[in-house]
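Visitor: Contents of target_5.txt (compact mmCIF, C-alpha atoms and all ligand atoms) are below:
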```txt
# COMPACT_ATOMS: atom_id res chain seq x y z
CA MET A 1 -45.11 -97.87 -58.67
CA ILE A 2 -48.17 -95.84 -59.64
CA ILE A 3 -47.55 -92.12 -60.19
CA CYS A 4 -50.52 -89.83 -59.51
CA LYS A 5 -50.27 -86.18 -60.46
CA THR A 6 -53.80 -85.27 -59.38
CA ILE A 7 -55.70 -85.61 -56.13
CA SER A 8 -58.61 -87.36 -57.86
CA LEU A 9 -56.36 -90.04 -59.36
CA LEU A 10 -54.59 -90.56 -56.05
CA LYS A 11 -57.90 -90.88 -54.20
CA LEU A 12 -59.07 -93.48 -56.72
CA GLN A 13 -56.00 -95.58 -55.97
CA LEU A 14 -56.29 -95.03 -52.23
CA ASN A 15 -59.95 -96.07 -52.21
CA LEU A 16 -59.00 -99.42 -53.74
CA ILE A 17 -56.44 -99.91 -50.98
CA LYS A 18 -58.82 -98.83 -48.22
CA GLU A 19 -61.59 -101.11 -49.51
CA LYS A 20 -59.20 -104.02 -48.94
CA GLN A 21 -58.50 -102.64 -45.43
CA LEU A 22 -54.79 -102.44 -46.16
CA SER A 23 -52.61 -100.16 -44.06
CA ILE A 24 -51.04 -97.03 -45.57
CA GLY A 25 -47.70 -95.53 -44.61
CA PHE A 26 -47.02 -92.02 -45.84
CA VAL A 27 -43.68 -90.31 -46.51
CA PRO A 28 -44.03 -86.62 -47.46
CA THR A 29 -40.96 -85.14 -49.19
CA MET A 30 -39.86 -82.25 -51.35
CA GLY A 31 -37.84 -84.52 -53.62
CA ALA A 32 -34.09 -84.55 -54.30
CA LEU A 33 -34.26 -87.86 -52.48
CA HIS A 34 -31.28 -89.29 -50.59
CA GLU A 35 -30.67 -92.20 -48.22
CA GLY A 36 -32.43 -90.28 -45.42
CA HIS A 37 -35.71 -90.20 -47.36
CA LEU A 38 -35.23 -93.77 -48.54
CA SER A 39 -34.81 -94.94 -44.95
CA LEU A 40 -38.28 -93.48 -44.25
CA VAL A 41 -39.70 -95.25 -47.31
CA ARG A 42 -38.13 -98.54 -46.23
CA ALA A 43 -39.43 -98.15 -42.66
CA SER A 44 -42.91 -97.51 -44.05
CA ILE A 45 -42.74 -100.51 -46.37
CA SER A 46 -41.66 -102.78 -43.52
CA GLN A 47 -44.64 -101.69 -41.39
CA ASN A 48 -47.42 -101.17 -43.93
CA ASP A 49 -49.19 -102.90 -46.81
CA CYS A 50 -48.88 -99.84 -49.00
CA THR A 51 -46.47 -96.89 -48.99
CA VAL A 52 -47.34 -93.51 -50.46
CA CYS A 53 -44.58 -90.99 -50.98
CA SER A 54 -45.27 -87.40 -52.05
CA ILE A 55 -42.87 -85.10 -53.83
CA PHE A 56 -43.95 -81.48 -53.70
CA VAL A 57 -41.73 -78.45 -53.21
CA ASN A 58 -44.12 -76.45 -51.09
CA PRO A 59 -43.82 -72.71 -51.85
CA THR A 60 -45.60 -71.62 -48.66
CA GLN A 61 -42.89 -72.90 -46.31
CA PHE A 62 -40.03 -70.96 -47.91
CA ASN A 63 -39.43 -67.59 -46.35
CA ASN A 64 -36.70 -66.95 -48.90
CA GLN A 65 -37.64 -66.95 -52.59
CA GLU A 66 -34.08 -67.74 -53.69
CA ASP A 67 -34.03 -70.85 -51.49
CA TYR A 68 -37.30 -71.96 -53.14
CA ASN A 69 -36.02 -71.26 -56.66
CA LYS A 70 -32.78 -73.09 -56.01
CA TYR A 71 -34.34 -76.13 -54.35
CA PRO A 72 -32.76 -79.11 -56.15
CA ASN A 73 -34.92 -81.05 -58.59
CA THR A 74 -33.82 -84.61 -59.42
CA ILE A 75 -37.22 -86.05 -60.30
CA THR A 76 -36.12 -88.73 -62.78
CA HIS A 77 -33.62 -90.14 -60.30
CA ASP A 78 -36.16 -89.80 -57.46
CA ILE A 79 -38.72 -91.89 -59.36
CA TYR A 80 -36.08 -94.52 -60.08
CA GLN A 81 -35.04 -94.66 -56.41
CA LEU A 82 -38.62 -94.98 -55.19
CA GLU A 83 -39.32 -97.78 -57.68
CA LEU A 84 -36.21 -99.57 -56.53
CA ALA A 85 -37.12 -99.19 -52.85
CA GLY A 86 -40.56 -100.68 -53.49
CA CYS A 87 -42.76 -97.62 -52.92
CA SER A 88 -46.36 -98.32 -54.02
CA ILE A 89 -47.62 -94.85 -54.99
CA LEU A 90 -45.91 -91.55 -55.75
CA PHE A 91 -48.06 -88.44 -55.43
CA LEU A 92 -46.51 -85.79 -57.66
CA PRO A 93 -48.80 -82.78 -57.83
CA ASP A 94 -48.02 -79.30 -59.16
CA VAL A 95 -48.67 -76.07 -57.28
CA GLU A 96 -52.06 -75.44 -58.96
CA GLU A 97 -53.28 -78.89 -57.96
CA ILE A 98 -52.47 -78.29 -54.30
CA TYR A 99 -53.36 -74.60 -54.12
CA PRO A 100 -56.09 -74.05 -56.77
CA GLU A 101 -57.15 -70.88 -54.96
CA GLY A 102 -53.62 -69.53 -54.61
CA ILE A 103 -51.06 -69.99 -51.89
CA LEU A 104 -52.35 -67.37 -49.45
CA SER A 105 -54.21 -68.78 -46.49
CA ASN A 106 -56.04 -67.16 -43.58
CA LYS A 107 -55.74 -70.26 -41.46
CA LYS A 108 -53.46 -69.88 -38.47
CA TYR A 109 -52.12 -72.92 -36.64
CA ASN A 110 -51.63 -72.39 -32.95
CA LEU A 111 -48.11 -73.69 -32.42
CA ASP A 112 -47.40 -71.61 -29.30
CA TYR A 113 -43.83 -71.60 -28.02
CA LEU A 114 -42.63 -74.02 -30.72
CA GLU A 115 -43.03 -71.33 -33.35
CA THR A 116 -41.11 -68.68 -31.43
CA VAL A 117 -37.73 -70.43 -31.15
CA LEU A 118 -34.97 -71.84 -33.37
CA GLU A 119 -36.39 -72.50 -36.88
CA GLY A 120 -39.60 -70.74 -35.89
CA LYS A 121 -37.68 -67.61 -34.91
CA PHE A 122 -35.27 -67.55 -37.85
CA ARG A 123 -37.76 -68.60 -40.55
CA PRO A 124 -40.91 -66.61 -39.86
CA ASN A 125 -44.05 -68.39 -41.10
CA HIS A 126 -42.05 -71.46 -42.15
CA PHE A 127 -43.94 -73.77 -39.80
CA GLN A 128 -47.31 -72.27 -40.78
CA GLY A 129 -46.45 -73.28 -44.38
CA VAL A 130 -45.35 -76.75 -43.25
CA CYS A 131 -48.63 -77.22 -41.36
CA GLN A 132 -50.64 -75.93 -44.31
CA ILE A 133 -49.16 -78.52 -46.71
CA VAL A 134 -48.88 -81.43 -44.28
CA GLU A 135 -52.52 -81.01 -43.20
CA LYS A 136 -53.64 -80.97 -46.85
CA LEU A 137 -51.59 -84.10 -47.60
CA LEU A 138 -52.82 -85.95 -44.51
CA VAL A 139 -56.44 -85.13 -45.35
CA ILE A 140 -55.91 -86.48 -48.88
CA VAL A 141 -53.88 -89.61 -48.03
CA GLU A 142 -55.42 -90.47 -44.63
CA PRO A 143 -52.48 -92.69 -43.71
CA ASN A 144 -52.26 -95.04 -40.74
CA GLN A 145 -48.67 -94.01 -40.20
CA LEU A 146 -46.69 -90.88 -41.06
CA PHE A 147 -42.90 -91.16 -41.40
CA LEU A 148 -40.64 -88.18 -40.68
CA GLY A 149 -36.88 -87.79 -40.26
CA GLN A 150 -35.33 -86.78 -36.96
CA LYS A 151 -32.99 -84.43 -38.81
CA ASP A 152 -35.89 -81.94 -38.78
CA TYR A 153 -36.29 -82.28 -35.02
CA GLN A 154 -38.45 -79.21 -34.49
CA GLN A 155 -40.56 -79.99 -37.57
CA CYS A 156 -41.35 -83.41 -36.07
CA MET A 157 -42.61 -81.66 -32.91
CA VAL A 158 -44.64 -79.17 -34.97
CA ILE A 159 -46.26 -81.95 -37.01
CA GLU A 160 -47.00 -83.91 -33.84
CA LYS A 161 -48.83 -80.82 -32.60
CA LEU A 162 -50.58 -80.40 -35.97
CA ILE A 163 -51.88 -83.98 -35.74
CA GLU A 164 -53.29 -83.17 -32.28
CA LEU A 165 -54.98 -80.05 -33.66
CA MET A 166 -56.48 -81.82 -36.69
CA ASP A 167 -59.96 -83.20 -36.83
CA LYS A 168 -59.21 -86.65 -38.26
CA LYS A 169 -61.29 -89.65 -39.28
CA ARG A 170 -58.76 -91.97 -37.67
CA GLU A 171 -55.58 -91.77 -35.62
CA ILE A 172 -52.32 -91.15 -37.44
CA GLU A 173 -49.30 -92.74 -35.83
CA LEU A 174 -46.16 -90.62 -36.12
CA GLU A 175 -42.93 -92.56 -36.72
CA ILE A 176 -39.70 -90.61 -36.34
CA ILE A 177 -36.72 -92.21 -38.07
CA PRO A 178 -33.10 -91.46 -37.02
CA THR A 179 -30.94 -89.15 -39.14
CA ILE A 180 -28.83 -90.85 -41.81
CA ARG A 181 -25.27 -89.48 -42.03
CA GLU A 182 -22.44 -89.65 -44.52
CA LYS A 183 -19.31 -91.48 -43.23
CA THR A 184 -17.95 -88.03 -42.36
CA GLY A 185 -20.87 -87.34 -40.02
CA LEU A 186 -22.58 -84.87 -42.35
CA ALA A 187 -26.34 -85.33 -42.09
CA MET A 188 -27.89 -86.25 -45.44
CA SER A 189 -29.91 -83.37 -46.80
CA SER A 190 -31.24 -82.34 -50.20
CA ARG A 191 -29.44 -79.03 -49.73
CA ASN A 192 -26.04 -80.82 -49.65
CA ALA A 193 -26.40 -81.08 -53.44
CA ARG A 194 -25.62 -77.35 -53.54
CA LEU A 195 -22.24 -77.84 -51.81
CA ASN A 196 -18.97 -78.64 -53.61
CA GLU A 197 -16.55 -81.25 -52.19
CA THR A 198 -14.59 -78.73 -50.07
CA GLU A 199 -17.79 -77.24 -48.70
CA LYS A 200 -19.08 -80.73 -47.87
CA GLU A 201 -15.89 -81.32 -45.90
CA ASN A 202 -16.31 -77.97 -44.12
CA ALA A 203 -19.96 -78.75 -43.42
CA THR A 204 -18.89 -81.68 -41.23
CA ALA A 205 -17.97 -79.01 -38.66
CA ILE A 206 -21.64 -79.13 -37.57
CA PHE A 207 -21.32 -82.80 -36.66
CA LYS A 208 -17.93 -82.20 -35.01
CA ALA A 209 -19.36 -79.32 -33.00
CA MET A 210 -22.24 -81.45 -31.75
CA VAL A 211 -19.89 -84.29 -30.81
CA HIS A 212 -17.67 -81.76 -28.98
CA ILE A 213 -20.68 -80.54 -26.99
CA LYS A 214 -21.70 -84.10 -26.18
CA ASN A 215 -18.19 -85.06 -25.07
CA TYR A 216 -17.75 -82.08 -22.76
CA LEU A 217 -21.30 -81.80 -21.44
CA ASN A 218 -20.29 -82.71 -17.89
CA GLU A 219 -17.08 -80.72 -17.84
CA LYS A 220 -17.88 -77.29 -19.27
CA ASN A 221 -20.73 -74.90 -18.90
CA PHE A 222 -23.28 -74.76 -21.70
CA ASP A 223 -22.58 -71.14 -22.75
CA GLU A 224 -18.89 -71.99 -23.13
CA LEU A 225 -19.71 -75.12 -25.18
CA GLU A 226 -22.04 -73.18 -27.49
CA LYS A 227 -19.33 -70.54 -27.93
CA GLU A 228 -16.70 -73.18 -28.80
CA ALA A 229 -19.08 -74.80 -31.28
CA ASN A 230 -19.70 -71.40 -32.85
CA GLU A 231 -15.94 -70.84 -33.25
CA LEU A 232 -15.51 -74.24 -34.89
CA LEU A 233 -18.21 -73.45 -37.44
CA GLN A 234 -16.74 -70.02 -38.19
CA LYS A 235 -13.26 -71.52 -38.66
CA ASN A 236 -14.76 -73.87 -41.25
CA GLY A 237 -16.25 -71.11 -43.34
CA PHE A 238 -19.78 -70.78 -41.98
CA GLU A 239 -20.58 -67.15 -42.74
CA LYS A 240 -23.70 -66.92 -40.56
CA ILE A 241 -24.82 -69.05 -37.65
CA ASP A 242 -28.50 -68.73 -36.79
CA TYR A 243 -28.29 -70.73 -33.59
CA ILE A 244 -26.42 -73.32 -31.57
CA LYS A 245 -28.64 -74.19 -28.63
CA ILE A 246 -28.75 -76.90 -26.02
CA CYS A 247 -32.41 -77.51 -25.26
CA ASN A 248 -34.73 -79.73 -23.33
CA ALA A 249 -35.42 -82.60 -25.76
CA SER A 250 -39.14 -82.76 -25.02
CA ASP A 251 -40.18 -79.09 -25.34
CA LEU A 252 -37.16 -77.24 -26.86
CA GLN A 253 -36.89 -74.84 -23.91
CA GLU A 254 -33.35 -73.55 -23.80
CA VAL A 255 -31.26 -75.08 -21.01
CA HIS A 256 -28.22 -73.39 -19.42
CA SER A 257 -27.03 -76.05 -17.01
CA ARG A 258 -27.44 -79.74 -16.53
CA LYS A 259 -30.18 -81.07 -14.29
CA SER A 260 -30.44 -84.76 -13.51
CA ASN A 261 -32.90 -86.85 -15.53
CA GLN A 262 -33.36 -84.14 -18.13
CA LYS A 263 -33.03 -85.31 -21.75
CA LEU A 264 -31.12 -82.79 -23.84
CA VAL A 265 -30.67 -82.10 -27.53
CA VAL A 266 -28.33 -79.69 -29.30
CA LEU A 267 -29.69 -77.97 -32.40
CA ILE A 268 -27.65 -76.05 -34.96
CA ALA A 269 -28.46 -73.96 -38.03
CA GLY A 270 -25.91 -72.10 -40.11
CA PHE A 271 -25.07 -70.89 -43.61
CA LEU A 272 -22.17 -72.26 -45.63
CA ASN A 273 -21.67 -70.43 -48.90
CA GLY A 274 -25.31 -69.34 -48.91
CA VAL A 275 -26.65 -72.83 -48.18
CA ARG A 276 -28.58 -73.12 -44.92
CA LEU A 277 -27.84 -76.37 -43.08
CA ILE A 278 -29.51 -77.68 -39.93
CA ASP A 279 -28.77 -80.62 -37.71
CA ASN A 280 -29.31 -81.89 -34.18
CA MET A 281 -28.02 -84.54 -31.79
CA GLN A 282 -29.48 -86.01 -28.64
CA LEU A 283 -26.98 -85.49 -25.86
CA ILE A 284 -28.45 -87.60 -23.06
O1 LIG E 1 -39.36 -81.98 -44.49
C1 LIG E 1 -39.80 -81.71 -45.62
O2 LIG E 1 -39.28 -82.15 -46.66
C2 LIG E 1 -41.01 -80.81 -45.75
O3 LIG E 1 -41.01 -79.83 -44.77
C3 LIG E 1 -42.35 -81.56 -45.77
C4 LIG E 1 -42.61 -82.29 -44.47
C5 LIG E 1 -42.35 -82.58 -46.91
C6 LIG E 1 -43.50 -80.60 -46.01
O4 LIG E 1 -43.35 -79.91 -47.22
```
For this file, produce the structure as structure tokens.

Guide:
Amino acid sequence: MIICKTISLLKLQLNLIKEKQLSIGFVPTMGALHEGHLSLVRASISQNDCTVCSIFVNPTQFNNQEDYNKYPNTITHDIYQLELAGCSILFLPDVEEIYPEGILSNKKYNLDYLETVLEGKFRPNHFQGVCQIVEKLLVIVEPNQLFLGQKDYQQCMVIEKLIELMDKKREIELEIIPTIREKTGLAMSSRNARLNETEKENATAIFKAMVHIKNYLNEKNFDELEKEANELLQKNGFEKIDYIKICNASDLQEVHSRKSNQKLVVLIAGFLNGVRLIDNMQLI
């Protein structure tokens, strides 16, 4: 695997690949890699000639400085895992390389409704920061395919919208890969590294709550199900629950009762011992 720390070095490598008309799959990450990320890398490898992974903890998408400072860094292990998986190129820039003029930007991405609900509501400007970095990375890498994890359901929708808004040289195909879970149901996440064993056990309450909602979808009303899920999380030590919402799977509009043929998703975000966890599950 070739490791490029600068844009110019990466572009040199990418030009060689593009000259040979080889396809490029791209997996953007913030490091602290786990099986979820590696499943994206493997999917990219199986569908492309060359896979580029980026590791960059993007300061502009954190609305909480402490969360940014505490973001886990396991770079030596990450490099080893990527090598083992067969990744072709790792882009590993520092903040100055990506934001030579500083992190402030006047650019505003028009994300409409998507930015006003759920993560958009509870993490002001988070998605603007995500768009800022993902656009930069896509302009640099110019991949044929972009691989994202379904665990960040709303982020996938935001990036889909970003791709529509971007002026690109060629189409970028978005591939969304299912969430990878521990045996307990806990969704794999870099933030899990900040939980001890008891907290990890308690964190499975998110999965249990989603399964409960799915199981009783036809029997109970949605407000009651959301309330029961909330109680389950509180009982397991979640000190703050940002949201538990059943939404239309295609536009994230909140839904209060079941209508036929409507695909639904439940989305949850809550804090366990100061660690913010999110997850989602398609219901029908
Ligand atoms: O999902 C993430 O890890 C990040 O939001 C992303 C897409 C790499 C942008 O920094």

Visitor: Rounded to one decimal, what separation in Å do you get between atom CA of A:Ala209 and atom CA of A:Tyr113?

Guide: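 Separating atom CA of A:Ala209 from atom CA of A:Tyr113 is a distance of 26.1 Å.
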
Visitor: Could you list the protein, DNA and RNA residues that have any atom within 9 Å of ligand LIG 1 (chain E), counting only C-alpha atoms and all ligand atoms, and write them as a ChimeraX atom specification?

Guide: /A:27-31,37,54-61,126-127,129-134,137,148-149,151-152,155-156,159,190

Visitor: Could those residues be written to a file, using C-alpha atoms, as a compact mmCIF listing (two decimals), in the coordinates of the input?

Guide:
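And here's part_8.txt as it stands now:
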```
# COMPACT_ATOMS: atom_id res chain seq x y z
CA VAL A 27 -43.68 -90.31 -46.51
CA PRO A 28 -44.03 -86.62 -47.46
CA THR A 29 -40.96 -85.14 -49.19
CA MET A 30 -39.86 -82.25 -51.35
CA GLY A 31 -37.84 -84.52 -53.62
CA HIS A 37 -35.71 -90.20 -47.36
CA SER A 54 -45.27 -87.40 -52.05
CA ILE A 55 -42.87 -85.10 -53.83
CA PHE A 56 -43.95 -81.48 -53.70
CA VAL A 57 -41.73 -78.45 -53.21
CA ASN A 58 -44.12 -76.45 -51.09
CA PRO A 59 -43.82 -72.71 -51.85
CA THR A 60 -45.60 -71.62 -48.66
CA GLN A 61 -42.89 -72.90 -46.31
CA HIS A 126 -42.05 -71.46 -42.15
CA PHE A 127 -43.94 -73.77 -39.80
CA GLY A 129 -46.45 -73.28 -44.38
CA VAL A 130 -45.35 -76.75 -43.25
CA CYS A 131 -48.63 -77.22 -41.36
CA GLN A 132 -50.64 -75.93 -44.31
CA ILE A 133 -49.16 -78.52 -46.71
CA VAL A 134 -48.88 -81.43 -44.28
CA LEU A 137 -51.59 -84.10 -47.60
CA LEU A 148 -40.64 -88.18 -40.68
CA GLY A 149 -36.88 -87.79 -40.26
CA LYS A 151 -32.99 -84.43 -38.81
CA ASP A 152 -35.89 -81.94 -38.78
CA GLN A 155 -40.56 -79.99 -37.57
CA CYS A 156 -41.35 -83.41 -36.07
CA ILE A 159 -46.26 -81.95 -37.01
CA SER A 190 -31.24 -82.34 -50.20
```

Visitor: Smallest atom-to-atom distance to A:Leu283: which of A:Ile103, A:Glu97, A:Ser88, A:Lys214, using all atoms listed in the file?

Guide: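 Closest to A:Leu283, using all atoms listed in the file: A:Lys214.
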
Visitor: Could you write out as JSON the box around stretch 10-16 of chain A (axis-aligned, all atoms listed in the file, 6 Å on each side), with centre and edge lengths in Å to one decimal?

Guide:
```
{"center_x": -57.3, "center_y": -95.0, "center_z": -54.5, "size_x": 17.4, "size_y": 20.9, "size_z": 16.5}
```

Visitor: Would you mind telling me which residue in A:Leu277, A:Ile246, A:Ile140, A:Leu174 lies nearest to A:Phe207 when using all atoms listed in the file?

Guide: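 Among the listed residues, A:Leu277 lies closest to A:Phe207.
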
Visitor: Go through A:Phe122, A:Phe147, A:Tyr153, A:Tyr71 and flag the residue nearest A:Ser250, using all atoms listed in the file for the distances.

Guide: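 The shortest atom-to-atom distance to A:Ser250 comes from A:Tyr153.
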
Visitor: Nearest residue to A:Thr198 out of A:Val266, A:Leu232, A:Leu272, A:Ala32, using all atoms listed in the file?

Guide: A:Leu272

Visitor: Expressed in Å to a single decimal, how great is the separation between atom CA of A:Asn48 and atom CA of A:Gln150?

Guide: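 Interatomic distance here is 20.0 Å.
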
Visitor: Excluding A:Glu201 and its own-chain neighbours fewer than 5 positions away, which residues fall within 9 Å of it when counting only C-alpha atoms? Please give them as a count of residues only.

Guide: 4

Visitor: Separation of atom CA of A:Ile244 and atom CA of A:Gly274, in Å?

Guide: 17.8 Å

Visitor: Name the closest residue to A:Asn63 among the candidates A:Lys18, A:Arg123, A:Lys11, A:His256; distances are taken between atoms, counting all atoms listed in the file.

Guide: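 Among the listed residues, the smallest separation from A:Asn63 belongs to A:Arg123.
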
Visitor: Which of these residues is nearest to A:Asn125, using only C-alpha atoms: A:Ile176, A:Asn64, A:Asp167, A:Ile3?

Guide: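 Looking only at the distances to A:Asn125, the closest residue turns out to be A:Asn64.
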
Visitor: List as a list of chain:residue names the protein and nucleic acid residues near A:Met1, meaning an atom at most 10 Å away when only C-alpha atoms are counted, but skip any in the same chain fewer than 3 places from it.

Guide: A:Cys4, A:Thr51, A:Val52, A:Ile79, A:Tyr80, A:Leu82, A:Glu83, A:Leu84, A:Ala85, A:Gly86, A:Cys87, A:Ser88, A:Ile89, A:Leu90

Visitor: Write out as a list of chain:residue names which residues come within 7 Å of A:Pro143 when counting all atoms listed in the file, dropping same-chain ones fewer than 4 positions away.

Guide: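 Result of the neighbour search: A:Ile24, A:Gly25, A:Phe26, A:Leu138, A:Ile172.
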
Visitor: Hey, can you spit out that residue selection with C-alpha atoms as a PDB file, in the coordinates of the input?

Guide:
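Saved to result14.pdb:
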```
ATOM      1  CA  ILE A  24     -51.040 -97.030 -45.570  1.00  0.00           C
ATOM      2  CA  GLY A  25     -47.700 -95.530 -44.610  1.00  0.00           C
ATOM      3  CA  PHE A  26     -47.020 -92.020 -45.840  1.00  0.00           C
ATOM      4  CA  LEU A 138     -52.820 -85.950 -44.510  1.00  0.00           C
ATOM      5  CA  ILE A 172     -52.320 -91.150 -37.440  1.00  0.00           C
TER       6      ILE A 172
END
```
